[in-house]
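This is start39.pdb (PDB, C-alpha atoms, pLDDT in the B column).
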MODEL        1
ATOM      1  CA  MET A  21     -50.282 -55.241 -32.628  1.00 84.00           C
ATOM      2  CA  ILE A  22     -46.578 -56.008 -32.354  1.00 87.00           C
ATOM      3  CA  ALA A  23     -45.836 -53.394 -35.028  1.00 90.00           C
ATOM      4  CA  ILE A  24     -47.600 -50.684 -33.022  1.00 92.00           C
ATOM      5  CA  ILE A  25     -45.707 -51.630 -29.876  1.00 92.00           C
ATOM      6  CA  THR A  26     -42.421 -51.623 -31.797  1.00 93.00           C
ATOM      7  CA  ILE A  27     -43.116 -48.125 -33.125  1.00 94.00           C
ATOM      8  CA  LEU A  28     -43.946 -46.932 -29.600  1.00 94.00           C
ATOM      9  CA  ILE A  29     -40.705 -48.442 -28.297  1.00 94.00           C
ATOM     10  CA  LEU A  30     -38.731 -46.639 -30.997  1.00 95.00           C
ATOM     11  CA  LEU A  31     -40.443 -43.334 -30.193  1.00 95.00           C
ATOM     12  CA  GLY A  32     -39.701 -43.884 -26.508  1.00 94.00           C
ATOM     13  CA  CYS A  33     -36.042 -44.461 -27.366  1.00 95.00           C
ATOM     14  CA  VAL A  34     -35.915 -41.182 -29.271  1.00 95.00           C
ATOM     15  CA  VAL A  35     -37.487 -39.331 -26.332  1.00 93.00           C
ATOM     16  CA  LEU A  36     -35.069 -41.009 -23.923  1.00 92.00           C
ATOM     17  CA  GLY A  37     -32.166 -40.023 -26.158  1.00 92.00           C
ATOM     18  CA  PHE A  38     -33.411 -36.424 -26.120  1.00 90.00           C
ATOM     19  CA  PHE A  39     -33.570 -36.353 -22.325  1.00 88.00           C
ATOM     20  CA  VAL A  40     -30.104 -37.858 -21.998  1.00 87.00           C
ATOM     21  CA  LEU A  41     -28.500 -35.522 -24.539  1.00 87.00           C
ATOM     22  CA  VAL A  42     -30.085 -32.372 -23.104  1.00 83.00           C
ATOM     23  CA  GLN A  43     -28.812 -33.091 -19.597  1.00 79.00           C
ATOM     24  CA  ASN A  44     -25.438 -31.759 -18.573  1.00 69.00           C
ATOM     25  CA  PRO A  45     -23.285 -34.509 -17.043  1.00 66.00           C
ATOM     26  CA  LYS A  46     -22.324 -32.145 -14.211  1.00 63.00           C
ATOM     27  CA  GLY A  47     -25.950 -31.536 -13.274  1.00 53.00           C
ATOM     28  CA  GLY A  48     -26.440 -28.190 -15.030  1.00 54.00           C
ATOM     29  CA  GLY A  49     -28.958 -29.456 -17.551  1.00 52.00           C
ATOM     30  CA  LEU A  50     -31.314 -26.898 -19.036  1.00 53.00           C
ATOM     31  CA  SER A  51     -30.261 -24.177 -16.634  1.00 49.00           C
ATOM     32  CA  GLY A  52     -26.883 -23.864 -18.349  1.00 54.00           C
ATOM     33  CA  THR A  53     -28.346 -23.984 -21.839  1.00 54.00           C
ATOM     34  CA  PHE A  54     -31.139 -21.446 -21.549  1.00 53.00           C
ATOM     35  CA  GLY A  55     -29.672 -19.254 -18.840  1.00 51.00           C
ATOM     36  CA  SER A  56     -32.061 -16.910 -17.068  1.00 48.00           C
ATOM     37  CA  ILE A  57     -35.105 -17.931 -19.121  1.00 50.00           C
ATOM     38  CA  SER A  58     -35.368 -21.315 -17.430  1.00 47.00           C
ATOM     39  CA  SER A  59     -34.688 -19.862 -13.983  1.00 48.00           C
ATOM     40  CA  GLN A  60     -37.507 -17.348 -14.459  1.00 51.00           C
ATOM     41  CA  VAL A  61     -40.024 -19.910 -15.693  1.00 51.00           C
ATOM     42  CA  MET A  62     -39.259 -23.123 -13.793  1.00 50.00           C
ATOM     43  CA  GLY A  63     -36.351 -22.355 -11.513  1.00 52.00           C
ATOM     44  CA  VAL A  64     -32.881 -23.805 -11.832  1.00 53.00           C
ATOM     45  CA  LYS A  65     -33.480 -26.767  -9.553  1.00 58.00           C
ATOM     46  CA  GLN A  66     -36.771 -27.748 -11.159  1.00 65.00           C
ATOM     47  CA  SER A  67     -35.278 -27.974 -14.649  1.00 67.00           C
ATOM     48  CA  THR A  68     -32.950 -30.788 -13.606  1.00 72.00           C
ATOM     49  CA  ASP A  69     -35.784 -32.495 -11.720  1.00 80.00           C
ATOM     50  CA  VAL A  70     -37.971 -32.410 -14.836  1.00 83.00           C
ATOM     51  CA  MET A  71     -35.172 -33.890 -16.946  1.00 84.00           C
ATOM     52  CA  GLU A  72     -34.482 -36.605 -14.413  1.00 86.00           C
ATOM     53  CA  LYS A  73     -38.156 -37.510 -14.060  1.00 89.00           C
ATOM     54  CA  GLY A  74     -38.536 -37.513 -17.841  1.00 89.00           C
ATOM     55  CA  THR A  75     -35.548 -39.829 -18.174  1.00 91.00           C
ATOM     56  CA  TRP A  76     -36.907 -42.282 -15.617  1.00 91.00           C
ATOM     57  CA  ALA A  77     -40.436 -42.111 -17.020  1.00 93.00           C
ATOM     58  CA  SER A  78     -39.343 -42.778 -20.597  1.00 94.00           C
ATOM     59  CA  MET A  79     -37.101 -45.614 -19.428  1.00 94.00           C
ATOM     60  CA  GLY A  80     -40.029 -47.139 -17.533  1.00 94.00           C
ATOM     61  CA  ILE A  81     -42.314 -46.797 -20.546  1.00 94.00           C
ATOM     62  CA  ILE A  82     -39.768 -48.509 -22.789  1.00 95.00           C
ATOM     63  CA  ALA A  83     -39.307 -51.346 -20.281  1.00 95.00           C
ATOM     64  CA  GLY A  84     -43.077 -51.781 -19.920  1.00 95.00           C
ATOM     65  CA  LEU A  85     -43.592 -51.839 -23.679  1.00 94.00           C
ATOM     66  CA  CYS A  86     -40.831 -54.430 -24.078  1.00 93.00           C
ATOM     67  CA  ILE A  87     -42.506 -56.669 -21.523  1.00 93.00           C
ATOM     68  CA  LEU A  88     -45.879 -56.084 -23.178  1.00 92.00           C
ATOM     69  CA  SER A  89     -44.451 -56.988 -26.589  1.00 91.00           C
ATOM     70  CA  ILE A  90     -43.462 -60.420 -25.283  1.00 90.00           C
ATOM     71  CA  MET A  91     -47.124 -61.183 -24.610  1.00 87.00           C
ATOM     72  CA  PHE A  92     -48.023 -60.505 -28.233  1.00 82.00           C
ATOM     73  CA  ALA A  93     -45.007 -62.229 -29.784  1.00 82.00           C
ATOM     74  CA  SER A  94     -45.763 -65.419 -31.681  1.00 76.00           C
ATOM     75  CA  LYS A  95     -45.124 -68.602 -29.837  1.00 74.00           C
ATOM     76  CA  PRO A  96     -42.669 -71.108 -31.326  1.00 71.00           C
ATOM     77  CA  ALA A  97     -44.238 -73.698 -33.600  1.00 67.00           C
ATOM     78  CA  LYS A  98     -44.750 -77.178 -32.246  1.00 72.00           C
ATOM     79  CA  GLU A  99     -42.862 -80.099 -33.701  1.00 63.00           C
ATOM     80  CA  SER A 100     -43.920 -80.951 -37.201  1.00 59.00           C
ATOM     81  CA  THR A 101     -46.247 -83.872 -37.740  1.00 59.00           C
ATOM     82  CA  ALA A 102     -43.558 -85.756 -39.665  1.00 56.00           C
ATOM     83  CA  THR A 103     -41.312 -85.935 -36.616  1.00 56.00           C
ATOM     84  CA  GLN A 104     -44.242 -86.840 -34.394  1.00 55.00           C
ATOM     85  CA  LYS A 105     -45.255 -89.730 -36.649  1.00 59.00           C
ATOM     86  CA  ALA A 106     -41.766 -91.160 -36.824  1.00 58.00           C
ATOM     87  CA  LYS A 107     -41.538 -93.936 -34.297  1.00 57.00           C
ATOM     88  CA  PRO A 108     -38.357 -94.672 -32.445  1.00 59.00           C
ATOM     89  CA  ALA A 109     -36.480 -97.784 -33.481  1.00 60.00           C
ATOM     90  CA  THR A 110     -37.288-100.773 -31.338  1.00 67.00           C
ATOM     91  CA  SER A 111     -34.490-102.928 -30.084  1.00 69.00           C
ATOM     92  CA  GLN A 112     -34.481-106.463 -31.382  1.00 69.00           C
ATOM     93  CA  SER A 113     -33.130-109.372 -29.455  1.00 71.00           C
ATOM     94  CA  ALA A 114     -30.594-111.688 -30.980  1.00 69.00           C
ATOM     95  CA  PRO A 115     -32.030-114.751 -32.685  1.00 73.00           C
ATOM     96  CA  LYS A 116     -32.122-117.847 -30.589  1.00 75.00           C
ATOM     97  CA  GLY A 117     -29.433-120.219 -31.499  1.00 71.00           C
ATOM     98  CA  LYS A 118     -29.255-123.943 -31.067  1.00 70.00           C
ATOM     99  CA  THR A 119     -28.046-125.040 -27.713  1.00 67.00           C
ATOM    100  CA  LYS A 120     -26.365-128.340 -27.077  1.00 63.00           C
TER
ENDMDL
END

Spell out the structure here as structure tokens.
Amino acid sequence: MIAIITILILLGCVVLGFFVLVQNPKGGGLSGTFGSISSQVMGVKQSTDVMEKGTWASMGIIAGLCILSIMFASKPAKESTATQKAKPATSQSAPKGKTK
């Protein structure tokens, strides 16, 4: 199960990378890349909204999958039986000496 979640996280990272690289840092985004085609189909303002929503959605999916992967991760092993069987050293009192 952890392998499937890891693959989904990696795919989410690729999608997030796509959304980040397609966006223009000045807010132009797809409207500057495709020109009038995007303004005719979606409108200039909607193209940046779609990219922003896609960025947030993919980031949320990655975060959710990371949290989900913790539930399926193996728990640390308990102490070995050898260390459990070893008993702590007991303190010994000094032998009683002769008193005068």

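Closest approach to A:Ile82 among A:Ile29, A:Ile22, A:Val42, A:Leu36: A:Ile29, based on only C-alpha atoms.
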
**Request:** Excluding A:Ile87 and residues on its chain fewer than 4 positions from it, collect all residues at most 12 Å away from it, counting only C-alpha atoms, and give them as a count of residues only.
**Result:** 11

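Coordinates place atom CA of A:Ile27 at a distance of 20.0 Å from atom CA of A:Val40.
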
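If you measure from each of A:Ser94, A:Ile24, A:Gln43, A:Cys86 to A:Asp69 using all atoms listed in the file, the closest one turns out to be A:Gln43.
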
**Item:** Contacts of A:Gly74 at 10 Å (all atoms listed in the file; same-chain gap of 2+ positions) as number ranges by chain
**Value:** A: 35-36, 38-40, 68-72, 76-80

**Request:** Quick one: pull the distance between atom CA of A:Gly37 and atom CA of A:Ile90, Å, one decimal.
**Result:** 23.3 Å

**Asked** What separation in Å, quoted to one decimal, exists between atom CA of A:Leu88 and atom CA of A:Thr75?
**Response** 19.9 Å

**Item:** Of the listed residues A:Lys95, A:Lys73, A:Gly84, A:Lys118, that which approaches A:Gly32 most closely, counting only C-alpha atoms
**Value:**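 Closest to A:Gly32 of all the choices is A:Gly84.
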